[in-house]
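Trainee: My file is upload-v2.csv. It has CSV, C-alpha atoms:
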chain,number,residue,atom,x,y,z
W,1061,MET,CA,-35.9,-2.7,28.9
W,1062,SER,CA,-35.8,0.9,27.7
W,1063,GLY,CA,-34.0,1.9,30.9
W,1064,LEU,CA,-31.3,-0.7,30.1
W,1065,TYR,CA,-31.1,0.7,26.6
W,1066,GLU,CA,-30.6,4.2,27.9
W,1067,LYS,CA,-27.8,3.0,30.1
W,1068,TRP,CA,-26.0,1.3,27.2
W,1069,ARG,CA,-26.4,4.4,25.1
W,1070,GLY,CA,-24.6,6.4,27.7
W,1071,LEU,CA,-21.5,4.1,27.7
W,1072,PRO,CA,-18.4,5.0,25.7
W,1073,HIS,CA,-18.1,3.2,22.4
W,1074,GLY,CA,-15.0,1.3,23.3
W,1075,VAL,CA,-16.7,-0.2,26.4
W,1076,LEU,CA,-19.6,-1.4,24.3
W,1077,ILE,CA,-17.3,-3.1,21.8
W,1078,ALA,CA,-15.2,-4.7,24.5
W,1079,ALA,CA,-18.4,-6.0,26.1
W,1080,SER,CA,-19.6,-7.4,22.8
W,1081,LEU,CA,-16.3,-9.1,22.3
W,1082,PHE,CA,-16.6,-10.7,25.7
W,1083,VAL,CA,-20.1,-11.9,25.0
W,1084,CYS,CA,-19.3,-13.3,21.6
W,1085,ALA,CA,-16.1,-15.1,22.9
W,1086,ALA,CA,-18.0,-16.5,25.8
W,1087,ALA,CA,-20.7,-17.9,23.4
W,1088,CYS,CA,-18.0,-19.5,21.2
W,1089,GLN,CA,-16.3,-21.1,24.2
W,1090,THR,CA,-19.3,-23.0,25.7
W,1091,GLY,CA,-18.4,-26.3,24.0
W,1092,SER,CA,-16.6,-29.2,25.7
W,1093,SER,CA,-13.5,-28.6,23.7
W,1094,THR,CA,-11.8,-25.3,23.3
W,1095,THR,CA,-9.5,-24.0,20.6
W,1096,ASP,CA,-6.7,-21.5,21.3
W,1097,ARG,CA,-7.4,-18.7,18.9
W,1098,THR,CA,-3.9,-17.5,18.6
W,1099,SER,CA,-2.0,-20.8,18.5
W,1100,GLY,CA,-4.6,-23.0,16.9
W,1101,ARG,CA,-4.0,-25.5,19.7
W,1102,THR,CA,-7.1,-27.5,20.6
W,1103,ASP,CA,-7.6,-28.3,24.3
W,1104,THR,CA,-9.9,-31.1,25.1
W,1105,GLY,CA,-9.0,-31.3,28.8
W,1106,THR,CA,-11.5,-31.2,31.5
W,1107,ALA,CA,-9.5,-29.4,34.1
W,1108,THR,CA,-11.5,-26.2,33.6
W,1109,THR,CA,-15.1,-25.5,33.0
W,1110,PRO,CA,-16.3,-23.9,29.8
W,1111,SER,CA,-17.1,-20.8,31.7
W,1112,GLU,CA,-13.5,-20.7,33.1
W,1113,ASP,CA,-12.1,-21.2,29.7
W,1114,ALA,CA,-14.3,-18.4,28.3
W,1115,ALA,CA,-13.2,-16.0,31.0
W,1116,ALA,CA,-9.5,-16.9,30.5
W,1117,SER,CA,-9.6,-16.5,26.8
W,1118,THR,CA,-11.6,-13.3,26.7
W,1119,ALA,CA,-9.7,-11.4,29.3
W,1120,PRO,CA,-6.7,-10.9,27.0
W,1121,ASP,CA,-9.1,-9.8,24.3
W,1122,ALA,CA,-10.5,-7.1,26.5
W,1123,GLN,CA,-7.0,-6.1,27.5
W,1124,GLN,CA,-5.8,-6.0,23.9
W,1125,PHE,CA,-8.7,-3.8,23.0
W,1126,ALA,CA,-7.9,-1.5,25.8
W,1127,ASP,CA,-4.3,-1.4,24.8
W,1128,ALA,CA,-5.1,-0.9,21.2
W,1129,SER,CA,-7.3,2.1,22.0
W,1130,GLU,CA,-4.5,3.5,24.1
W,1131,VAL,CA,-2.0,3.2,21.3
W,1132,ARG,CA,-4.2,4.0,18.3
W,1133,ASP,CA,-2.9,7.5,17.9
W,1134,ALA,CA,0.7,6.8,17.8
W,1135,SER,CA,1.3,3.5,18.7
W,1136,THR,CA,2.3,3.1,16.9
W,1137,SER,CA,3.1,3.8,19.1
W,1138,THR,CA,5.1,1.7,20.2
W,1139,THR,CA,3.6,3.5,22.8
W,1140,ASP,CA,1.4,6.3,22.3
W,1141,SER,CA,0.6,6.6,25.9
W,1142,GLY,CA,3.8,5.3,27.3
W,1143,SER,CA,3.7,2.6,29.9
W,1144,THR,CA,0.2,1.3,29.4
W,1145,SER,CA,0.8,0.3,25.8
W,1146,MET,CA,4.1,-1.5,26.5
W,1147,ASP,CA,2.2,-4.4,28.0
W,1148,ALA,CA,4.3,-7.5,27.7
W,1149,SER,CA,1.3,-9.7,28.6
W,1150,VAL,CA,-0.3,-8.8,25.2
W,1151,ALA,CA,2.6,-10.5,23.4
W,1152,LYS,CA,2.3,-13.7,25.3
W,1153,ASP,CA,-0.9,-14.7,23.4
W,1154,ALA,CA,0.6,-14.0,20.0
W,1155,GLU,CA,2.7,-16.3,17.8
W,1156,PRO,CA,5.6,-16.9,17.6
W,1157,SER,CA,6.8,-16.9,21.2
W,1158,SER,CA,10.1,-15.1,21.3
W,1159,THR,CA,10.7,-16.0,24.9
W,1160,ASP,CA,10.4,-19.8,24.3
W,1161,SER,CA,12.3,-20.2,21.1
W,1162,GLY,CA,14.3,-17.0,20.6
W,1163,VAL,CA,12.2,-16.2,17.5
W,1164,LEU,CA,11.6,-12.6,16.9
W,1165,PHE,CA,8.3,-11.0,16.0
W,1166,GLY,CA,9.9,-8.5,13.8
W,1167,GLU,CA,12.2,-9.2,10.8
W,1168,ARG,CA,15.9,-8.9,10.6
W,1169,PRO,CA,17.0,-6.4,7.9
W,1170,SER,CA,18.1,-8.2,4.8
W,1171,SER,CA,21.2,-6.0,4.7
W,1172,PRO,CA,22.9,-4.0,7.4
W,1173,LEU,CA,21.0,-0.7,8.2
W,1174,SER,CA,22.5,2.0,10.3
W,1175,VAL,CA,21.3,5.3,11.5
W,1176,PRO,CA,21.9,7.8,8.7
W,1177,THR,CA,23.2,11.3,9.0
W,1178,PHE,CA,20.1,13.3,9.8
W,1179,MET,CA,18.7,16.4,11.4
W,1180,ALA,CA,15.5,16.2,13.4
W,1181,GLN,CA,13.6,18.4,15.8
W,1182,ASN,CA,12.3,17.3,19.1
W,1183,SER,CA,8.8,18.5,20.1
W,1184,ASP,CA,10.4,21.0,22.5
W,1185,GLY,CA,12.2,22.6,19.6
W,1186,SER,CA,15.7,21.2,20.3
W,1187,SER,CA,17.7,19.6,17.6
W,1188,ARG,CA,18.4,15.9,17.3
W,1189,SER,CA,21.0,14.2,15.2
W,1190,GLN,CA,22.8,10.8,14.6
W,1191,SER,CA,24.5,10.8,18.0
W,1192,ASP,CA,21.1,10.9,19.7
W,1193,LEU,CA,20.4,7.4,18.4
W,1194,ILE,CA,23.7,5.9,19.5
W,1195,GLY,CA,24.8,4.8,22.9
W,1196,GLN,CA,21.9,2.7,24.0
W,1197,PRO,CA,19.3,0.5,22.3
W,1198,THR,CA,16.4,2.5,20.8
W,1199,VAL,CA,12.9,1.7,19.7
W,1200,LEU,CA,12.3,4.1,16.8
W,1201,TRP,CA,8.7,4.2,15.6
W,1202,PHE,CA,7.3,6.1,12.7
W,1203,PHE,CA,3.8,7.3,12.5
W,1204,PRO,CA,1.8,9.3,9.8
W,1205,PHE,CA,0.1,11.9,11.9
W,1206,ALA,CA,-0.1,12.7,15.6
W,1207,GLY,CA,-3.7,12.3,16.9
W,1208,THR,CA,-5.0,10.1,14.2
W,1209,PRO,CA,-6.5,6.7,14.8
W,1210,GLY,CA,-5.3,3.3,13.6
U,176,MET,CA,16.2,1.7,26.4
U,177,ARG,CA,15.3,4.8,24.5
U,178,ILE,CA,11.9,5.2,22.8
U,179,VAL,CA,11.6,7.8,20.0
U,180,GLY,CA,8.6,8.5,17.8
U,181,ALA,CA,9.2,10.2,14.4
U,182,SER,CA,6.9,11.7,11.9
U,183,PHE,CA,6.8,14.6,9.5
U,184,ASN,CA,4.5,16.6,11.8
U,185,ASP,CA,5.8,20.0,12.8
U,186,PRO,CA,7.1,20.1,16.4
U,187,GLU,CA,4.1,22.1,17.6
U,188,ARG,CA,1.7,19.5,16.5
U,189,ASN,CA,3.7,16.8,18.2
U,190,ALA,CA,4.0,18.9,21.3
U,191,ASN,CA,0.2,19.3,21.5
U,192,TRP,CA,-0.3,15.6,21.1
U,193,ILE,CA,2.3,14.8,23.8
U,194,GLN,CA,0.6,17.1,26.2
U,195,GLU,CA,-2.8,15.6,25.4
U,196,GLN,CA,-1.7,12.1,25.9
U,197,ASN,CA,0.7,12.8,28.7
U,198,TYR,CA,3.3,10.9,26.6
U,199,GLN,CA,6.6,10.6,28.3
U,200,TYR,CA,9.0,9.9,25.5
U,201,GLU,CA,10.5,12.1,22.8
U,202,VAL,CA,8.7,12.6,19.5
U,203,TRP,CA,10.8,14.0,16.7
U,204,THR,CA,10.1,15.8,13.4
U,205,ASP,CA,12.0,14.0,10.7
U,206,THR,CA,12.8,17.3,9.0
U,207,ASN,CA,14.4,16.1,5.8
U,208,LYS,CA,12.8,12.6,5.9
U,209,ALA,CA,16.3,11.0,6.1
U,210,LEU,CA,15.4,8.8,9.0
U,211,ALA,CA,12.1,7.5,7.5
U,212,ILE,CA,13.8,6.9,4.1
U,213,ALA,CA,16.7,5.1,5.6
U,214,PHE,CA,14.5,2.6,7.4
U,215,GLY,CA,11.9,2.1,4.7
U,216,ALA,CA,9.1,4.1,6.3
U,217,ALA,CA,8.9,6.6,3.4
U,218,SER,CA,10.3,7.6,0.1
U,219,ARG,CA,11.5,11.0,-1.0
U,220,GLY,CA,8.0,11.9,-2.3
U,221,SER,CA,6.0,10.6,0.6
U,222,PHE,CA,3.8,13.1,2.4
U,223,VAL,CA,3.8,11.0,5.6
U,224,PRO,CA,5.8,8.0,6.8
U,225,SER,CA,4.2,4.6,7.1
U,226,ARG,CA,3.8,2.9,10.5
U,227,VAL,CA,7.2,1.2,10.9
U,228,THR,CA,9.0,0.3,14.0
U,229,VAL,CA,12.8,-0.2,14.2
U,230,ILE,CA,14.7,-1.6,17.1
U,231,LEU,CA,18.3,-0.2,17.0
U,232,ASN,CA,21.2,-1.5,19.0
U,233,ALA,CA,23.5,0.8,20.9
U,234,GLN,CA,25.7,1.2,17.8
U,235,GLY,CA,22.7,2.6,15.9
U,236,GLN,CA,22.3,-0.5,13.7
U,237,ALA,CA,18.8,-1.9,13.0
U,238,GLU,CA,18.4,-5.2,14.7
U,239,VAL,CA,14.7,-5.8,13.9
U,240,ILE,CA,12.2,-4.0,11.7
U,241,PHE,CA,8.4,-4.2,11.8
U,242,ASN,CA,7.3,-3.0,8.3
U,243,PRO,CA,4.5,-2.5,8.2
U,244,VAL,CA,3.1,-2.5,11.7
U,245,SER,CA,0.1,-4.6,11.1
U,246,ASP,CA,-1.2,-5.7,14.5
U,247,ILE,CA,-1.5,-2.6,16.5
U,248,GLY,CA,-3.1,-4.3,19.4
U,249,ASN,CA,-0.3,-6.7,20.0
U,250,HIS,CA,2.5,-4.6,18.5
U,251,PRO,CA,3.8,-2.9,21.7
U,252,GLY,CA,4.0,-6.2,23.5
U,253,GLN,CA,5.8,-7.8,20.5
U,254,VAL,CA,8.3,-5.0,20.4
U,255,LEU,CA,9.0,-5.3,24.1
U,256,GLU,CA,9.4,-9.1,23.8
U,257,ASP,CA,11.9,-8.6,20.9
U,258,CYS,CA,13.8,-6.1,23.0
U,259,ARG,CA,14.1,-8.6,25.7
U,260,THR,CA,15.2,-11.3,23.3
U,261,LEU,CA,17.8,-9.0,21.8
U,262,PHE,CA,19.1,-7.2,24.8
U,263,GLY,CA,18.0,-9.2,27.8
U,264,PRO,CA,15.5,-8.2,30.6
Re-express the file's structure as structure tokens.

Mentor:
Amino acid sequence: MSGLYEKWRGLPHGVLIAASLFVCAAACQTGSSTTDRTSGRTDTGTATTPSEDAAASTAPDAQQFADASEVRDASTSTTDSGSTSMDASVAKDAEPSSTDSGVLFGERPSSPLSVPTFMAQNSDGSSRSQSDLIGQPTVLWFFPFAGTPG
Amino acid sequence: MRIVGASFNDPERNANWIQEQNYQYEVWTDTNKALAIAFGAASRGSFVPSRVTVILNAQGQAEVIFNPVSDIGNHPGQVLEDCRTLFGP
């Protein structure tokens, strides 16, 4: 037992939390009916076993946790770490579904908002201005501090 | 699709972070806070901008705003889905 404890102690914190989420979710899903956490939809079908349901429902959780840890610094990043955080599969479990109904996750501005006249500095020291946000669609994400969690 | 991060950090701090994370997109220093103020991420007296994401069309007009970004775990996927809805795959 103490050997197992020592092994767990050596694991990164994120892995332990992800594993805990997996175990808790599996325990909650052992009944004959399952409830979709994100949509509130209750599924009483028998096509899948409870263990299959648990695995299916917890896999996205683990992925979300991994993605969240990837993006915690700037995710803000809309992508703090680039491609890994722009995982479209994450959004498929969330409501509303923009692909099914055309509903957007974000909000439309109540009044037209355009890029103002501004002067910014890229991380390589080069200057950026209004024209650098025109010409193609842009995801512009603001974050408080580089290298801070949450 | 262009992806740009913006904060009030100095460029050196952003550069260090980019290097640490191997981040592949541009991160800007919003020198006079004009960008953050325009899109509701900060006010004139703010020391730092809030976590806000704006999807701009090719004309530089805001199509969608996430203010505040509340669900960090799902946020990147949601932004990507909104981009697909707005601009196509």

Trainee: Compare U:Ala211, U:Val202, U:Val229, U:Ile193 by their minimum atom-to-atom distance to Thr1198 in chain W, counting all atoms listed in the file, and give me the closest one.

Mentor: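 Closest residue, counting all atoms listed in the file: U:Val229.
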
Trainee: State, in Å with one decimal place, the distance from CA of Arg188 in chain U to CA of Leu1200 in chain W.

Mentor: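 It comes out at 18.7 Å.
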
Trainee: Within 10 Å of (24.1, 16.1, 17.4) in the file's own coordinates, which protein, DNA or RNA residues have an atom, counting all atoms listed in the file? List them as an mmCIF file with C-alpha atoms, in the frame of the given file.

Mentor:
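In the end it all went to selection_14.cif:
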data_model
loop_
_atom_site.group_PDB
_atom_site.id
_atom_site.type_symbol
_atom_site.label_atom_id
_atom_site.label_comp_id
_atom_site.auth_asym_id
_atom_site.auth_seq_id
_atom_site.Cartn_x
_atom_site.Cartn_y
_atom_site.Cartn_z
ATOM 1 C CA THR W 1177 23.200 11.300 9.000
ATOM 2 C CA PHE W 1178 20.100 13.300 9.800
ATOM 3 C CA MET W 1179 18.700 16.400 11.400
ATOM 4 C CA ALA W 1180 15.500 16.200 13.400
ATOM 5 C CA SER W 1187 17.700 19.600 17.600
ATOM 6 C CA ARG W 1188 18.400 15.900 17.300
ATOM 7 C CA SER W 1189 21.000 14.200 15.200
ATOM 8 C CA GLN W 1190 22.800 10.800 14.600
ATOM 9 C CA SER W 1191 24.500 10.800 18.000
ATOM 10 C CA ASP W 1192 21.100 10.900 19.700
ATOM 11 C CA LEU W 1193 20.400 7.400 18.400
#

Trainee: For range 189-225 of chain U versus range 243-247 of chain U, which residues have an atom no more than 10 Å away, and what is each residue's nearest atom pair and distance in Å rounded to one decimal, using all atoms listed in the file, chain-then-number order, as a Markdown table?

Mentor:
| residue | atom | partner | partner_atom | distance |
| --- | --- | --- | --- | --- |
| U:Gly215 | CA | U:Pro243 | CA | 9.4 |
| U:Ala216 | CA | U:Pro243 | CA | 8.3 |
| U:Ser225 | CA | U:Pro243 | CA | 7.2 |

Trainee: Please compute the CA of Gln234 in chain U-CA of Pro186 in chain U distance, one decimal, in Å.

Mentor: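 It comes out at 26.6 Å.
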
Trainee: Show me, as a Markdown table, the residues of chain U having an atom within 7 Å of chain W, each with the closest atom pair and its distance in Å, using only C-alpha atoms.

Mentor:
| residue | atom | partner | partner_atom | distance |
| --- | --- | --- | --- | --- |
| U:Met176 | CA | W:Pro1197 | CA | 5.3 |
| U:Arg177 | CA | W:Thr1198 | CA | 4.5 |
| U:Ile178 | CA | W:Val1199 | CA | 4.8 |
| U:Val179 | CA | W:Leu1200 | CA | 4.9 |
| U:Gly180 | CA | W:Trp1201 | CA | 4.8 |
| U:Ala181 | CA | W:Phe1202 | CA | 4.8 |
| U:Ser182 | CA | W:Phe1203 | CA | 5.4 |
| U:Asn184 | CA | W:Phe1205 | CA | 6.4 |
| U:Pro186 | CA | W:Ser1183 | CA | 4.4 |
| U:Glu187 | CA | W:Ser1183 | CA | 6.4 |
| U:Asn189 | CA | W:Ser1183 | CA | 5.7 |
| U:Ala190 | CA | W:Ser1183 | CA | 5.0 |
| U:Trp192 | CA | W:Ala1206 | CA | 6.2 |
| U:Gln196 | CA | W:Ser1141 | CA | 6.0 |
| U:Asn197 | CA | W:Ser1141 | CA | 6.8 |
| U:Tyr198 | CA | W:Ser1141 | CA | 5.1 |
| U:Gln199 | CA | W:Gly1142 | CA | 6.1 |
| U:Glu201 | CA | W:Asn1182 | CA | 6.6 |
| U:Val202 | CA | W:Ser1183 | CA | 5.9 |
| U:Trp203 | CA | W:Asn1182 | CA | 4.3 |
| U:Thr204 | CA | W:Gln1181 | CA | 5.0 |
| U:Asp205 | CA | W:Ala1180 | CA | 4.9 |
| U:Thr206 | CA | W:Ala1180 | CA | 5.3 |
| U:Ala209 | CA | W:Phe1178 | CA | 5.8 |
| U:Leu210 | CA | W:Phe1178 | CA | 6.6 |
| U:Ala213 | CA | W:Pro1176 | CA | 6.6 |
| U:Ala216 | CA | W:Phe1202 | CA | 6.9 |
| U:Val223 | CA | W:Pro1204 | CA | 5.0 |
| U:Pro224 | CA | W:Pro1204 | CA | 5.2 |
| U:Ser225 | CA | W:Pro1204 | CA | 5.9 |
| U:Arg226 | CA | W:Phe1203 | CA | 4.8 |
| U:Val227 | CA | W:Phe1202 | CA | 5.2 |
| U:Thr228 | CA | W:Trp1201 | CA | 4.2 |
| U:Val229 | CA | W:Leu1200 | CA | 5.0 |
| U:Ile230 | CA | W:Val1199 | CA | 4.6 |
| U:Leu231 | CA | W:Thr1198 | CA | 5.0 |
| U:Asn232 | CA | W:Pro1197 | CA | 4.3 |
| U:Ala233 | CA | W:Gln1196 | CA | 4.0 |
| U:Gln234 | CA | W:Ile1194 | CA | 5.4 |
| U:Gly235 | CA | W:Ile1194 | CA | 5.0 |
| U:Gln236 | CA | W:Ser1174 | CA | 4.2 |
| U:Ala237 | CA | W:Leu1173 | CA | 5.4 |
| U:Glu238 | CA | W:Arg1168 | CA | 6.1 |
| U:Val239 | CA | W:Arg1168 | CA | 4.7 |
| U:Ile240 | CA | W:Glu1167 | CA | 5.3 |
| U:Phe241 | CA | W:Gly1166 | CA | 5.0 |
| U:Ile247 | CA | W:Ala1128 | CA | 6.2 |
| U:Gly248 | CA | W:Ala1128 | CA | 4.3 |
| U:Asn249 | CA | W:Val1150 | CA | 5.6 |
| U:Pro251 | CA | W:Met1146 | CA | 5.0 |
| U:Gly252 | CA | W:Ala1148 | CA | 4.4 |
| U:Gln253 | CA | W:Ala1151 | CA | 5.1 |
| U:Leu255 | CA | W:Ala1148 | CA | 6.3 |
| U:Glu256 | CA | W:Ser1158 | CA | 6.5 |
| U:Asp257 | CA | W:Leu1164 | CA | 5.7 |
| U:Thr260 | CA | W:Gly1162 | CA | 6.4 |

Trainee: Enter the distance from CA of His250 in chain U to CA of Lys208 in chain U, in Å, rounded to one decimal.

Mentor: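 CA of Lys208 in chain U lies 23.7 Å from CA of His250 in chain U.
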